[in-house]
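Colleague: Next up, upload.pdb (PDB, C-alpha atoms).
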ATOM      1  CA  MET A 900       0.000   0.000   0.000
ATOM      2  CA  THR A 901       1.158   3.482  -0.700
ATOM      3  CA  GLY A 902       1.376   6.088   2.044
ATOM      4  CA  GLU A 903      -1.611   8.074   0.798
ATOM      5  CA  ARG A 904      -3.822   5.025   0.561
ATOM      6  CA  TRP A 905      -2.735   3.794   4.000
ATOM      7  CA  GLY A 906      -3.599   7.169   5.507
ATOM      8  CA  ARG A 907      -7.037   7.085   3.914
ATOM      9  CA  VAL A 908      -7.701   3.597   5.328
ATOM     10  CA  VAL A 909      -6.685   4.750   8.815
ATOM     11  CA  TRP A 910      -9.012   7.758   8.587
ATOM     12  CA  LEU A 911     -11.921   5.587   7.456
ATOM     13  CA  VAL A 912     -11.374   3.064  10.256
ATOM     14  CA  GLY A 913     -11.174   5.867  12.826
ATOM     15  CA  LEU A 914     -14.343   7.450  11.489
ATOM     16  CA  ALA A 915     -16.137   4.105  11.578
ATOM     17  CA  ILE A 916     -15.118   3.578  15.214
ATOM     18  CA  LEU A 917     -16.306   7.056  16.182
ATOM     19  CA  LEU A 918     -19.637   6.573  14.420
ATOM     20  CA  ALA A 919     -20.170   3.127  15.961
ATOM     21  CA  ALA A 920     -19.075   4.138  19.484
ATOM     22  CA  PRO A 921     -22.553   5.023  20.850
ATOM     23  CA  PHE A 922     -24.031   1.781  19.519
ATOM     24  CA  ILE A 923     -21.365  -0.604  20.857
ATOM     25  CA  GLY A 924     -21.622   0.647  24.426
ATOM     26  CA  LEU A 925     -18.680   2.995  24.867
ATOM     27  CA  TYR A 926     -19.354   5.437  27.646
ATOM     28  CA  PRO A 927     -19.980   9.012  26.459
ATOM     29  CA  ILE A 928     -17.825  10.473  29.217
ATOM     30  CA  PHE A 929     -14.949   8.205  28.210
ATOM     31  CA  MET A 930     -15.320   9.310  24.594
ATOM     32  CA  MET A 931     -15.350  12.982  25.624
ATOM     33  CA  LYS A 932     -12.203  12.528  27.697
ATOM     34  CA  ALA A 933     -10.468  10.624  24.896
ATOM     35  CA  LEU A 934     -11.315  13.313  22.351
ATOM     36  CA  CYS A 935     -10.199  16.118  24.688
ATOM     37  CA  TYR A 936      -6.864  14.397  25.204
ATOM     38  CA  ALA A 937      -6.597  13.827  21.456
ATOM     39  CA  ILE A 938      -7.051  17.558  20.808
ATOM     40  CA  PHE A 939      -4.491  18.320  23.508
ATOM     41  CA  ALA A 940      -2.037  15.851  21.950
ATOM     42  CA  CYS A 941      -2.542  17.343  18.472
ATOM     43  CA  ALA A 942      -1.854  20.842  19.772
ATOM     44  CA  PHE A 943       1.240  19.630  21.605
ATOM     45  CA  ASN A 944       2.448  17.795  18.490
ATOM     46  CA  LEU A 945       1.962  20.864  16.293
ATOM     47  CA  LEU A 946       3.730  23.083  18.795
ATOM     48  CA  LEU A 947       6.769  20.842  19.134
ATOM     49  CA  GLY A 948       6.825  19.770  15.489
ATOM     50  CA  TYR A 949       6.767  23.153  13.804
ATOM     51  CA  THR A 950       8.441  25.423  16.318
ATOM     52  CA  GLY A 951      10.563  23.031  18.345
ATOM     53  CA  LEU A 952       9.598  24.975  21.457
ATOM     54  CA  LEU A 953       8.076  23.458  24.537
ATOM     55  CA  SER A 954       5.383  25.625  26.069
ATOM     56  CA  PHE A 955       2.951  24.738  28.780
ATOM     57  CA  GLY A 956       0.666  27.671  27.991
ATOM     58  CA  HIS A 957      -2.028  25.515  26.458
ATOM     59  CA  ALA A 958      -1.692  23.049  29.352
ATOM     60  CA  ALA A 959      -2.546  25.889  31.739
ATOM     61  CA  PHE A 960      -5.879  26.400  29.976
ATOM     62  CA  MET A 961      -6.690  22.693  30.168
ATOM     63  CA  GLY A 962      -5.673  22.503  33.838
ATOM     64  CA  SER A 963      -7.611  25.597  34.853
ATOM     65  CA  ALA A 964     -10.711  24.352  33.016
ATOM     66  CA  ALA A 965     -10.435  20.972  34.737
ATOM     67  CA  TYR A 966     -10.010  22.642  38.125
ATOM     68  CA  ALA A 967     -12.982  24.959  37.569
ATOM     69  CA  THR A 968     -15.155  22.081  36.367
ATOM     70  CA  GLY A 969     -14.254  19.947  39.358
ATOM     71  CA  TRP A 970     -14.933  22.820  41.723
ATOM     72  CA  LEU A 971     -18.310  23.583  40.139
ATOM     73  CA  VAL A 972     -19.391  19.943  40.060
ATOM     74  CA  ARG A 973     -18.586  19.576  43.739
TER      75      ARG A 973
END
Show me this structure written as structure tokens.
Modeller:
Amino acid sequence: MTGERWGRVVWLVGLAILLAAPFIGLYPIFMMKALCYAIFACAFNLLLGYTGLLSFGHAAFMGSAAYATGWLVR
């Protein structure tokens, strides 16, 4: 398989898993957490990949949102 075709297959499998997730019994909260961490990982990858700089600025937003959510839920 070529690289482009392999990438397309991976995207289709990922999309199929995301579309089937509610019907196969995956917990919605687990899916939300997984997708939030995926977005965080993509931002971290872009930051390190293109600039080569390590910054925890975006981690501060995620941490403060988690703290505020936990405090409000309590």
Colleague: Which residue is closest to Ala942 of chain A? Choose from A:Ala915, A:Ala965, A:Met930, A:Ala958 and count all atoms listed in the file.
Modeller: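 Under the stated criterion, the closest residue is A:Ala958.
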Colleague: Which residue out of A:Gly962, A:Gly956, A:Gly969, A:Trp910 has the minimum interatomic distance to Phe943 of chain A when all atoms listed in the file are used?
Modeller: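 Distance minimum relative to Phe943 of chain A lands on A:Gly956.
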Colleague: Using all atoms listed in the file, find the one residue out of A:Leu947, A:Ile916, A:Val908, A:Ala964 that sits nearest to Cys935 of chain A.
Modeller: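 With all atoms listed in the file as the atom set, the closest residue is A:Ala964.
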Colleague: Quick one, how far is atom CA of Met961 of chain A from atom CA of Lys932 of chain A?
Modeller: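 Here the two named atoms are 11.8 Å from each other.
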Colleague: By how many Å are atom CA of Leu945 of chain A and atom CA of Val912 of chain A apart?
Modeller: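 These atoms are spaced 23.0 Å apart.
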Colleague: Quick one: distance from atom CA of Thr901 of chain A to atom CA of Leu914 of chain A in Å, one decimal?
Modeller: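 Separation between atom CA of Thr901 of chain A and atom CA of Leu914 of chain A: 20.1 Å.
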Colleague: Please, which residues are within 12 Å of (-0.2, 22.2, 22.9) by the file's coordinates, counting only C-alpha atoms, and could they come as a list in words?
Modeller: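 Taken together, the residues in range are Cys935, Tyr936, Ala937, Ile938, Phe939, Ala940, Cys941, Ala942, Phe943, Asn944, Leu945, Leu946, Leu947, Gly948, Tyr949, Thr950, Gly951, Leu952, Leu953, Ser954, Phe955, Gly956, His957, Ala958, Ala959, Phe960 and Met961 of chain A.
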